[in-house]
Structure formats: structure tokens, C-alpha cells
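Participant: entry-v3.cif is reproduced below (mmCIF, C-alpha atoms and all ligand atoms).
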data_data
#
loop_
_atom_site.label_atom_id
_atom_site.label_comp_id
_atom_site.auth_asym_id
_atom_site.auth_seq_id
_atom_site.Cartn_x
_atom_site.Cartn_y
_atom_site.Cartn_z
CA MET A 172 -31.89 28.49 0.44
CA ARG A 173 -32.84 25.57 -1.74
CA GLY A 174 -33.47 25.26 -5.44
CA GLU A 175 -33.22 22.98 -8.45
CA TRP A 176 -29.52 23.94 -8.47
CA GLY A 177 -28.74 22.78 -4.91
CA THR A 178 -28.54 24.59 -1.58
CA SER A 179 -26.94 27.70 -0.12
CA VAL A 180 -26.32 28.97 3.40
CA CYS A 181 -25.40 32.49 4.43
CA LEU A 182 -22.48 31.95 6.84
CA ALA A 183 -21.66 35.52 7.74
CA ASP A 184 -22.36 39.00 6.52
CA GLY A 185 -21.87 38.85 2.75
CA LEU A 186 -20.58 35.27 2.72
CA TRP A 187 -22.46 32.30 1.24
CA ARG A 188 -21.63 28.65 0.96
CA ILE A 189 -23.18 27.11 -2.13
CA LYS A 190 -23.50 23.38 -2.81
CA LEU A 191 -24.45 22.68 -6.41
CA LYS A 192 -26.17 19.43 -7.32
CA ASN A 193 -23.73 17.22 -9.17
CA PRO A 194 -25.51 15.44 -12.03
CA ARG A 195 -22.52 13.11 -12.50
CA GLY A 196 -22.11 11.67 -9.03
CA HIS A 197 -22.71 12.09 -5.34
CA LEU A 198 -19.71 14.35 -4.55
CA MET A 199 -20.71 17.95 -3.87
CA VAL A 200 -18.28 20.84 -3.64
CA ASN A 201 -18.44 23.92 -1.44
CA THR A 202 -18.34 27.05 -3.55
CA PHE A 203 -17.99 30.24 -1.54
CA ALA A 204 -19.34 33.59 -2.69
CA HIS A 205 -18.55 36.85 -0.93
CA ARG A 206 -19.92 40.28 -1.63
CA GLY A 207 -18.28 43.27 -0.02
CA ASP A 208 -17.62 46.85 -1.15
CA GLY A 209 -19.83 46.10 -4.15
CA ALA A 210 -17.58 43.32 -5.47
CA LEU A 211 -18.60 39.68 -5.77
CA VAL A 212 -15.78 37.16 -5.30
CA VAL A 213 -16.29 33.44 -5.94
CA VAL A 214 -13.91 30.85 -4.47
CA ASP A 215 -13.80 27.42 -6.19
CA PRO A 216 -16.75 27.63 -8.63
CA GLY A 217 -16.99 23.85 -9.04
CA TRP A 218 -17.25 21.21 -11.76
CA PRO A 219 -17.34 21.95 -15.49
CA TRP A 220 -20.85 20.50 -15.58
CA THR A 221 -22.37 22.67 -12.82
CA ILE A 222 -21.85 26.06 -14.45
CA ASP A 223 -25.52 26.53 -15.33
CA ALA A 224 -26.52 25.59 -11.79
CA LEU A 225 -23.99 28.10 -10.43
CA ASP A 226 -25.45 30.80 -12.63
CA VAL A 227 -28.98 30.15 -11.33
CA ALA A 228 -27.75 29.83 -7.72
CA LEU A 229 -25.95 33.18 -7.78
CA ASP A 230 -28.98 34.73 -9.38
CA GLU A 231 -31.50 33.33 -6.88
CA ILE A 232 -29.34 34.29 -3.91
CA GLY A 233 -29.53 37.81 -5.29
CA LEU A 234 -25.93 38.14 -6.44
CA GLY A 235 -26.73 38.55 -10.11
CA GLY A 236 -25.64 35.25 -11.69
CA ILE A 237 -22.28 34.55 -13.27
CA ALA A 238 -22.43 37.95 -14.95
CA GLY A 239 -22.36 39.57 -11.50
CA VAL A 240 -19.03 37.99 -10.50
CA ASP A 241 -16.06 40.39 -10.18
CA ALA A 242 -13.32 37.88 -9.36
CA TRP A 243 -12.79 34.11 -9.45
CA ILE A 244 -10.22 32.50 -7.21
CA TYR A 245 -9.09 28.91 -6.63
CA THR A 246 -7.58 26.87 -3.81
CA HIS A 247 -6.33 24.12 -6.16
CA THR A 248 -6.42 22.71 -9.65
CA HIS A 249 -8.73 19.71 -9.23
CA VAL A 250 -11.66 19.34 -11.59
CA ASP A 251 -14.27 19.78 -8.84
CA HIS A 252 -12.75 23.15 -7.86
CA MET A 253 -11.08 24.60 -10.95
CA GLY A 254 -12.38 22.39 -13.78
CA ALA A 255 -14.82 25.06 -14.92
CA ALA A 256 -12.28 27.90 -15.10
CA ALA A 257 -11.77 28.03 -18.86
CA LEU A 258 -15.47 27.54 -19.55
CA LEU A 259 -16.41 30.40 -17.23
CA GLN A 260 -14.32 32.73 -19.33
CA ALA A 261 -16.85 32.49 -22.12
CA ARG A 262 -19.55 33.79 -19.75
CA SER A 263 -17.70 36.17 -17.45
CA ARG A 264 -15.08 38.82 -18.04
CA ALA A 265 -14.00 38.82 -14.41
CA PRO A 266 -10.34 37.97 -13.78
CA HIS A 267 -9.31 34.49 -12.58
CA HIS A 268 -6.82 34.67 -9.71
CA VAL A 269 -4.58 31.60 -9.72
CA PHE A 270 -1.45 30.42 -7.94
CA GLU A 271 1.55 31.31 -10.13
CA GLU A 272 2.78 27.71 -10.25
CA ILE A 273 -0.38 26.73 -12.16
CA ALA A 274 0.30 29.25 -14.96
CA PRO A 275 2.24 26.85 -17.26
CA ASP A 276 -0.82 24.58 -17.55
CA LEU A 277 -3.39 27.28 -18.23
CA PRO A 278 -2.98 27.47 -22.04
CA MET A 279 -4.05 23.79 -22.31
CA TRP A 280 -6.27 23.64 -19.26
CA HIS A 281 -8.55 20.82 -20.39
CA ALA A 282 -5.61 18.67 -21.47
CA TYR A 283 -4.16 19.19 -17.98
CA GLN A 284 -7.45 18.07 -16.42
CA ASP A 285 -7.47 15.01 -18.70
CA ARG A 286 -3.91 14.10 -17.66
CA MET A 287 -4.89 14.33 -14.00
CA ALA A 288 -7.91 12.10 -14.60
CA ASP A 289 -5.75 9.42 -16.23
CA TRP A 290 -4.50 7.08 -13.52
CA ALA A 291 -3.81 4.16 -15.87
CA SER A 292 -0.01 4.32 -15.97
CA TRP A 293 0.23 4.69 -12.20
CA ILE A 294 -2.09 1.69 -11.81
CA GLU A 295 0.08 -0.43 -14.11
CA GLY A 296 3.15 0.31 -12.01
CA ALA A 297 1.47 -0.01 -8.61
CA PHE A 298 -0.50 -3.24 -8.96
CA ALA A 299 0.75 -6.71 -9.70
CA PRO A 300 -0.24 -8.13 -13.08
CA PRO A 301 -2.70 -9.39 -14.20
CA ARG A 302 -4.78 -7.21 -11.84
CA GLY A 303 -2.81 -4.06 -12.65
CA ALA A 304 -3.21 -4.52 -16.40
CA MET A 305 -6.91 -5.29 -15.99
CA MET A 306 -7.52 -2.22 -13.81
CA ALA A 307 -5.59 0.03 -16.18
CA ARG A 308 -7.61 -1.30 -19.13
CA ALA A 309 -10.83 -0.65 -17.24
CA ALA A 310 -9.71 2.89 -16.36
CA ARG A 311 -8.92 3.64 -20.02
CA ALA A 312 -12.20 2.09 -21.18
CA ARG A 313 -14.16 4.31 -18.77
CA ARG A 314 -12.35 7.37 -20.03
CA ASP A 315 -12.91 6.45 -23.67
CA ALA A 316 -16.59 5.66 -23.18
CA GLY A 317 -18.89 8.41 -24.47
CA GLU A 318 -20.26 9.21 -21.01
CA SER A 319 -16.97 10.35 -19.50
CA SER A 320 -15.20 11.50 -22.65
CA THR A 321 -12.19 13.72 -22.02
CA MET A 322 -12.64 17.43 -21.41
CA THR A 323 -10.57 18.16 -24.50
CA ASP A 324 -12.92 16.04 -26.64
CA LYS A 325 -15.97 17.59 -25.10
CA TYR A 326 -14.99 21.24 -24.72
CA GLY A 327 -11.78 21.76 -26.75
CA PRO A 328 -8.34 22.76 -25.38
CA GLY A 329 -9.82 25.25 -22.89
CA ALA A 330 -7.14 27.91 -22.72
CA LEU A 331 -7.48 30.08 -19.62
CA SER A 332 -6.00 33.31 -20.88
CA GLY A 333 -5.50 36.49 -18.95
CA ALA A 334 -5.37 34.87 -15.51
CA VAL A 335 -3.93 37.01 -12.71
CA THR A 336 -1.29 35.07 -10.80
CA PHE A 337 -0.39 35.33 -7.14
CA ALA A 338 2.51 34.00 -5.07
CA LEU A 339 2.73 32.36 -1.65
CA GLY A 340 2.75 34.96 1.11
CA GLU A 341 1.10 37.58 -1.07
CA THR A 342 -1.97 39.44 0.18
CA LEU A 343 -4.81 39.83 -2.33
CA ARG A 344 -7.41 42.54 -2.00
CA LEU A 345 -10.63 41.28 -3.54
CA GLY A 346 -13.69 43.36 -2.78
CA SER A 347 -13.62 44.00 0.94
CA MET A 348 -11.60 40.84 1.62
CA LYS A 349 -7.91 40.71 2.31
CA LEU A 350 -6.68 37.23 1.45
CA GLU A 351 -3.24 36.04 2.52
CA VAL A 352 -2.00 33.16 0.40
CA VAL A 353 -0.91 30.23 2.54
CA GLU A 354 0.95 27.18 1.26
CA ALA A 355 -1.25 24.07 1.52
CA ARG A 356 0.40 21.46 -0.74
CA GLY A 357 -0.18 17.74 -0.42
CA HIS A 358 -3.65 16.94 -1.75
CA ASP A 359 -2.52 18.78 -4.86
CA PRO A 360 1.12 19.87 -5.32
CA ARG A 361 -0.20 23.35 -6.08
CA HIS A 362 -2.79 23.68 -3.32
CA VAL A 363 -3.06 26.94 -1.39
CA ALA A 364 -5.33 28.27 1.35
CA PHE A 365 -6.55 31.83 1.89
CA TRP A 366 -6.56 33.54 5.26
CA GLU A 367 -8.77 36.58 5.81
CA PRO A 368 -7.23 38.02 8.98
CA GLY A 369 -9.84 40.71 9.70
CA ARG A 370 -12.78 38.31 9.80
CA ARG A 371 -10.70 35.26 10.71
CA TRP A 372 -11.89 33.14 7.80
CA LEU A 373 -9.72 30.37 6.43
CA PHE A 374 -10.53 29.07 2.95
CA ALA A 375 -8.76 25.73 3.24
CA GLY A 376 -9.88 23.83 0.13
CA ASP A 377 -9.46 20.08 0.57
CA ALA A 378 -6.51 20.27 2.97
CA VAL A 379 -8.94 19.55 5.81
CA LEU A 380 -12.02 17.42 5.20
CA PRO A 381 -14.42 15.37 7.31
CA VAL A 382 -13.00 12.27 5.59
CA PRO A 383 -9.37 11.35 4.88
CA THR A 384 -8.08 13.84 2.31
CA PRO A 385 -7.24 11.88 -0.85
CA ILE A 386 -3.54 11.75 -1.71
CA THR A 387 -3.21 10.52 -5.27
CA PRO A 388 0.30 9.66 -6.48
CA SER A 389 -0.68 9.82 -10.17
CA MET A 390 -1.66 13.47 -9.60
CA GLY A 391 1.65 14.37 -7.96
CA ASP A 392 0.26 14.44 -4.42
CA ASP A 393 2.53 13.83 -1.48
CA VAL A 394 1.95 12.63 2.08
CA VAL A 395 4.91 14.49 3.59
CA GLU A 396 3.92 17.82 2.03
CA TYR A 397 0.41 17.18 3.25
CA GLU A 398 1.51 16.63 6.84
CA ARG A 399 3.49 19.88 6.72
CA THR A 400 0.35 21.61 5.51
CA LEU A 401 -1.65 20.25 8.42
CA GLU A 402 0.97 21.53 10.85
CA ARG A 403 0.79 24.93 9.20
CA LEU A 404 -3.02 25.05 9.23
CA ALA A 405 -3.10 23.96 12.88
CA GLY A 406 -1.44 27.30 13.62
CA PHE A 407 -4.54 29.26 12.56
CA SER A 408 -7.50 30.03 14.83
CA PRO A 409 -10.29 30.73 12.38
CA GLU A 410 -13.82 31.76 13.30
CA LEU A 411 -14.83 29.97 10.09
CA GLY A 412 -12.89 27.09 8.55
CA LEU A 413 -14.19 27.06 4.99
CA ILE A 414 -13.43 23.62 3.62
CA GLY A 415 -13.96 22.17 0.15
CA HIS A 416 -16.51 19.48 1.00
CA GLY A 417 -18.85 18.83 3.92
CA THR A 418 -19.85 21.37 6.55
CA HIS A 419 -17.81 24.47 7.38
CA VAL A 420 -15.99 24.45 10.72
CA MET A 421 -17.13 26.93 13.37
CA GLY A 422 -14.60 28.45 15.73
CA PRO A 423 -10.95 27.86 16.65
CA GLU A 424 -11.58 24.86 18.88
CA ARG A 425 -13.55 22.93 16.26
CA TRP A 426 -10.89 23.90 13.77
CA ARG A 427 -8.13 22.40 15.90
CA GLU A 428 -10.21 19.24 16.22
CA ALA A 429 -10.79 19.07 12.48
CA VAL A 430 -7.08 19.46 11.71
CA ALA A 431 -6.19 16.91 14.38
CA ARG A 432 -8.67 14.45 12.85
CA SER A 433 -7.09 14.95 9.41
CA SER A 434 -3.64 14.31 10.93
CA ARG A 435 -4.93 11.18 12.62
CA TYR A 436 -6.25 9.85 9.31
CA VAL A 437 -2.69 10.12 7.99
CA THR A 438 -0.93 8.52 10.96
CA ASP A 439 -3.57 5.77 11.26
CA ARG A 440 -3.15 4.83 7.61
CA ARG A 441 0.64 4.80 7.91
CA GLU A 442 0.51 2.65 11.03
CA GLY A 443 -2.07 0.38 9.38
CA VAL A 444 0.21 -0.13 6.38
CA MET A 445 3.21 -0.92 8.57
CA SER A 446 1.33 -3.35 10.79
CA ALA A 447 -0.44 -5.18 7.93
CA LEU A 448 2.85 -5.59 6.07
CA GLY A 449 4.60 -6.57 9.30
CA ALA A 450 2.02 -9.31 9.82
CA ALA A 451 2.43 -10.51 6.23
CA GLY A 452 6.08 -11.40 6.86
CA ASP A 453 8.84 -11.77 4.29
CA GLY A 454 6.53 -12.41 1.35
CA GLY A 455 4.91 -9.00 1.86
CA LEU A 456 1.68 -7.95 0.15
CA ASP A 457 0.72 -6.37 -3.12
CA LEU A 458 -1.14 -3.06 -2.94
CA TRP A 459 -4.57 -4.60 -3.54
CA SER A 460 -4.21 -7.20 -0.78
CA LEU A 461 -2.72 -4.59 1.54
CA CYS A 462 -5.75 -2.35 1.02
CA LEU A 463 -8.12 -5.24 1.63
CA ALA A 464 -6.27 -5.94 4.87
CA LEU A 465 -6.85 -2.31 5.93
CA THR A 466 -10.62 -2.28 5.44
CA PRO A 467 -12.79 -3.19 8.44
CA GLU A 468 -14.29 -6.27 6.79
CA GLY A 469 -11.49 -7.14 4.41
CA LYS A 470 -13.75 -6.22 1.50
CA VAL A 471 -13.61 -3.78 -1.40
CA LEU A 472 -15.19 -0.45 -0.39
CA THR A 473 -18.20 0.89 -2.26
CA PRO A 474 -18.88 2.91 -4.32
CA SER A 475 -15.93 2.22 -6.62
CA SER A 476 -14.80 5.86 -6.48
CA ARG A 477 -14.29 5.51 -2.71
CA TRP A 478 -12.25 2.34 -3.24
CA ALA A 479 -10.16 4.05 -5.95
CA VAL A 480 -9.30 6.89 -3.54
CA PHE A 481 -8.49 4.37 -0.80
CA LEU A 482 -6.14 2.47 -3.14
CA ALA A 483 -4.47 5.68 -4.30
CA THR A 484 -3.99 7.16 -0.82
CA THR A 485 -2.62 3.87 0.52
CA GLY A 486 -0.35 3.73 -2.53
CA ALA A 487 0.94 7.21 -1.67
CA HIS A 488 1.83 6.02 1.83
CA VAL A 489 3.55 2.92 0.48
CA GLU A 490 5.63 4.99 -1.95
CA ARG A 491 6.66 7.32 0.83
CA LEU A 492 7.54 4.51 3.24
CA GLU A 493 9.58 2.87 0.50
CA GLU A 494 11.44 6.14 -0.06
CA ASP A 495 12.33 6.53 3.60
CA GLY A 496 13.51 2.94 3.80
CA SER A 497 10.75 1.57 6.04
CA LEU A 498 9.49 -0.70 3.26
CA VAL A 499 11.16 -2.49 0.43
CA ARG A 500 9.62 -3.36 -2.92
CA VAL A 501 9.99 -6.99 -3.92
CA GLU A 502 8.94 -8.99 -6.98
CA GLY A 503 5.32 -8.40 -7.95
CA PRO A 504 5.34 -5.53 -7.03
CA ARG A 505 4.83 -6.43 -3.38
CA TRP A 506 6.12 -4.60 -0.36
CA ARG A 507 7.54 -5.87 2.90
CA VAL A 508 8.86 -4.26 6.06
CA THR A 509 12.62 -3.84 6.10
ZN ZN B 1 -12.38 18.70 -3.83
#
Would you give me this structure, written as C-alpha cells?

Facilitator:
Amino acid sequence: MRGEWGTSVCLADGLWRIKLKNPRGHLMVNTFAHRGDGALVVVDPGWPWTIDALDVALDEIGLGGIAGVDAWIYTHTHVDHMGAAALLQARSRAPHHVFEEIAPDLPMWHAYQDRMADWASWIEGAFAPPRGAMMARAARARRDAGESSTMTDKYGPGALSGAVTFALGETLRLGSMKLEVVEARGHDPRHVAFWEPGRRWLFAGDAVLPVPTPITPSMGDDVVEYERTLERLAGFSPELGLIGHGTHVMGPERWREAVARSSRYVTDRREGVMSALGAAGDGGLDLWSLCLALTPEGKVLTPSSRWAVFLATTGAHVERLEEDGSLVRVEGPRWRVT
């Protein structure tokens, strides 16, 4: 189905994947809606600025708009998945089911989102001056510009009150779905996946994507946790792998391939970092030059958001390799192979 709001596909009996048009950029999120036993459950309702589109989408699909939702549930905290949570509360009385570790941040939800969007102090530490200082200034200027003003400025503190928390290993009964909560940290330190054993559906969030899953050190992400998650998710044989962006994955074999591809993205980047720094010799490289050395043409990637994610994910690898003693940080900061 197609509308002003975006597109939707019915993936299985009672299950829809909805992609809402993002007025602020090209990145689209997969929102999943399931109706069973008369209850409508929505997984990852999307950006703060696509709520109206979600309302129309749910209505046109025949699910009764936001008012028809009986439960909201989230794979992780990121703004494209959970950014709308507090705002939805004003329009829906349905409970929000969230991972218990997120609970401390819920009373100031928009401030939490603003902190996650602020990469400036990480940038200052990760890049050699003057580039680091310049990039951090640019990041702050973008945030302070009217267009991308903080969520707190735009919408207030955004307390998400009355959320229902769940723990790892718990089984949630939402409508006719049974959802087992699976640990899926890495892309977000509080990322989970949901396994529906009866139908063999795996709601995997951004743990598996068609592109390298971003690992952003300033948001507390971690490469090692992420690799453990991939190992864990490789153990599932879903009929439907329901991922946060791109096309859903059909069948166990495709799922294994998708997880293997995500693992390869990680090992390729790690090997790329080690070989580029090995080639640079004792002087090493700063993070910017290292990233340039890792791109196919030695050029900055476009659009700038893609380059920012590339810098961050490479930075996460460098931090990890420094921790395990494979790399050493020298003046700059630059890194060289030990
Ligand atoms: Zn996402």
C-alpha cells in the first residue's frame, strides 16, 4: 500500500511493515504493526517527526490510527525507533513496553535523546586539532541552528511515564504474539531483539542491517558486545527476520547470510584498520586520515551523515583495538600498530 505517508507491506497474517516518509532526510525506518486476538501492537514507531504519518498509515491500512494501538514496544532507544515515545503518550493511552535498563532515562526522555545526538565531546577527543575542534564546532552549530534544535527545546522534557518494563529472557504476551526478549547490545548498549517462537519471527532492530550497523562510541556502543549479539542472532532460524531498515529477511538461510554479512562488515573494518595503520608505520595515522585510507577512492563519503557514521564506527574499532593492546595511541591523537 502506498500513500502520502509512505508505504506498507503485509508480510504475514496480521503483520505489516510500514515505512514512513522522513521529511528530514533519506533514512527510513521499518515500523512493524501486528494485529492478533483483537490487539494492535506496534514495534518501533519511528521518528518524532513522523507521528502524523504513522497515524494516517495505521488508519489507511485499516488498523484505526494511533488511537487503535494497544501496545507500543521498542528494540532500542535511538531517535529513529524510540524518539517518538513520549510524544505518542499525548495521543495514545496504550502502554509502552521498554527494556528495564532504559527506565532511568524515561523521566527526561528528550534530554536523553539530545545527549545521544551530541557527538561534539567525542569528536574533540578522537580527532587531532585543529580538525577535531573545527568538527566539534560544526556539530554544535548544527545542533544550535533553528532547523535541528534540540528535542527539549522543541517538545519540552518529554517524560515517558507509566512505561511497562521487561527484562532479558522474559516472555511478553502482546495480543496473540509471544515475544521472548533476547539480548542484542552493541549498536545501542540497551538494544534487544524479540523472538516470536510460534511464528518464527525475529524482530532484530538494527543488530542486522543490509549495511554495516553503525557503532557510535559517543552513544556508548561497543564492537565486542555487537559481535556477541551477532553470534547469538546467528543461532535463530527465523521465517521472517524483521530488521530496522531495508527489506525484511525471508527464511532461515537468508537470515544466516544476513548475519554473516553483518559479521563480515565488522571483521573487514577491523582488518582494514590494522592493515592501514600497519602500512603507515611508526608515525601512525589520525582517525580522519585512517578513515580516508579505508574508503575505496581515498575520499570523504557522501552524504555527510554516511561519512559521520563511517568515522564513528571506525573510531569504535580503534578504541577497542587500543584497549586490547593491538594499537597504541601516540601524540595527536594518532594510532599505530604495537
Ligand atoms: Zn535505526

Participant: Could you tell me how far CA of Val499 in chain A sits from CA of Val444 in chain A, in Å to one decimal place?

Facilitator: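 Distance between the two atoms: 12.7 Å.
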
Participant: Identify, counting all atoms listed in the file, the protein, DNA and RNA residues located within 8 Å of ligand ZN 1 (chain B), and give them as an MDAnalysis selection string.

Facilitator: chainID A and resid 200 249:252 376:377 415:416

Participant: Write out as JSON, numbers by chain each polymer residue whose atoms come within 12 Å of Ser476 in chain A, counting only C-alpha atoms; drop sequence neighbours fewer than 4 positions from it.

Facilitator: {"A": [196, 197, 198, 310, 385, 471, 472, 480, 481, 482, 483]}

Participant: Between A:Ala431, A:Ala256, A:Ala312, A:Ala299, single out the one closest to Gly503 in chain A, counting only C-alpha atoms.

Facilitator: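 Between A:Ala431, A:Ala256, A:Ala312, A:Ala299, the residue approaching Gly503 in chain A most closely is A:Ala299.
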
Participant: Looking at all atoms listed in the file, which of A:Tyr283, A:Phe270, A:Val379, A:Phe407 is the one that sits closest to Glu341 in chain A?

Facilitator: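 Counting all atoms listed in the file, the residue closest to Glu341 in chain A is A:Phe270.
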
Participant: Using all atoms listed in the file, pick whichever of A:Pro504, A:Pro360, A:Pro194, A:Gly469 has the shortest atom-to-atom distance to Trp220 in chain A.

Facilitator: A:Pro194

Participant: By how many Å are CA of Leu229 in chain A and CA of Gly217 in chain A apart?

Facilitator: 13.0 Å

Participant: Give, as lines of an AutoDock Vina configuration file, the centre coordinates and the x, y and z edge lengths in Å to one decimal for an axis-aligned box around all listed atoms of range 284-300 of chain A, padded by 5 Å on each side.

Facilitator:
center_x = -2.4
center_y = 5.0
center_z = -13.7
size_x = 21.1
size_y = 36.2
size_z = 20.1

Participant: Can you work out which one of A:Pro383, A:Gly412, A:Gly357, A:Gly329 has the shortest atom-to-atom distance to Thr438 in chain A, counting all atoms listed in the file?

Facilitator: A:Pro383

Participant: Neighbours of Arg264 in chain A within 9 Å (all atoms listed in the file; same-chain residues fewer than 6 positions away dropped), as a PyMOL selection string?

Facilitator: chain A and resi 238+240-242

Participant: Tell me which of A:Ala487, A:Ile189, A:Leu465, A:Ala265 sits closest to Glu442 in chain A, counting all atoms listed in the file.

Facilitator: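 For Glu442 in chain A, the nearest of the given residues is A:Leu465.
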
Participant: Tell me which of A:Cys181, A:Leu492, A:Val395, A:Ala375 sits closest to Ile232 in chain A, counting all atoms listed in the file.

Facilitator: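 Counting all atoms listed in the file, the residue closest to Ile232 in chain A is A:Cys181.
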
Participant: May I have the residues at most 9 Å from (-21.8, 26.8, 1.4) in the file's coordinates, counting all atoms listed in the file, as a PyMOL selection string?

Facilitator: chain A and resi 178-182+186-190+200-204+413+417-419

Participant: Neighbouring residues of Trp426 in chain A were defined as those with any atom within 8 Å, considering only C-alpha atoms; residues of the same chain fewer than 4 positions away were excluded. Please report them as a PyMOL selection string.

Facilitator: chain A and resi 405+408-409+412+420-422+430

Participant: Distance CA of Leu401 in chain A-CA of Trp372 in chain A, one decimal place?

Facilitator: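 Rounded to one decimal, the two atoms are 16.5 Å apart.
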
Participant: Counting all atoms listed in the file, note down every residue that has an atom within 9 Å of the point (0.1, 6.7, 6.6) (file coordinates), as a PDB file with C-alpha atoms, keeping the file's coordinate frame.

Facilitator:
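Resulting contents of selection.pdb:
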ATOM      1  CA  VAL A 394       1.950  12.630   2.080  1.00  0.00           C
ATOM      2  CA  TYR A 436      -6.250   9.850   9.310  1.00  0.00           C
ATOM      3  CA  VAL A 437      -2.690  10.120   7.990  1.00  0.00           C
ATOM      4  CA  THR A 438      -0.930   8.520  10.960  1.00  0.00           C
ATOM      5  CA  ASP A 439      -3.570   5.770  11.260  1.00  0.00           C
ATOM      6  CA  ARG A 440      -3.150   4.830   7.610  1.00  0.00           C
ATOM      7  CA  ARG A 441       0.640   4.800   7.910  1.00  0.00           C
ATOM      8  CA  GLU A 442       0.510   2.650  11.030  1.00  0.00           C
ATOM      9  CA  GLY A 443      -2.070   0.380   9.380  1.00  0.00           C
ATOM     10  CA  VAL A 444       0.210  -0.130   6.380  1.00  0.00           C
ATOM     11  CA  MET A 445       3.210  -0.920   8.570  1.00  0.00           C
ATOM     12  CA  THR A 484      -3.990   7.160  -0.820  1.00  0.00           C
ATOM     13  CA  THR A 485      -2.620   3.870   0.520  1.00  0.00           C
ATOM     14  CA  ALA A 487       0.940   7.210  -1.670  1.00  0.00           C
ATOM     15  CA  HIS A 488       1.830   6.020   1.830  1.00  0.00           C
ATOM     16  CA  VAL A 489       3.550   2.920   0.480  1.00  0.00           C
ATOM     17  CA  ARG A 491       6.660   7.320   0.830  1.00  0.00           C
ATOM     18  CA  LEU A 492       7.540   4.510   3.240  1.00  0.00           C
TER      19      LEU A 492
END
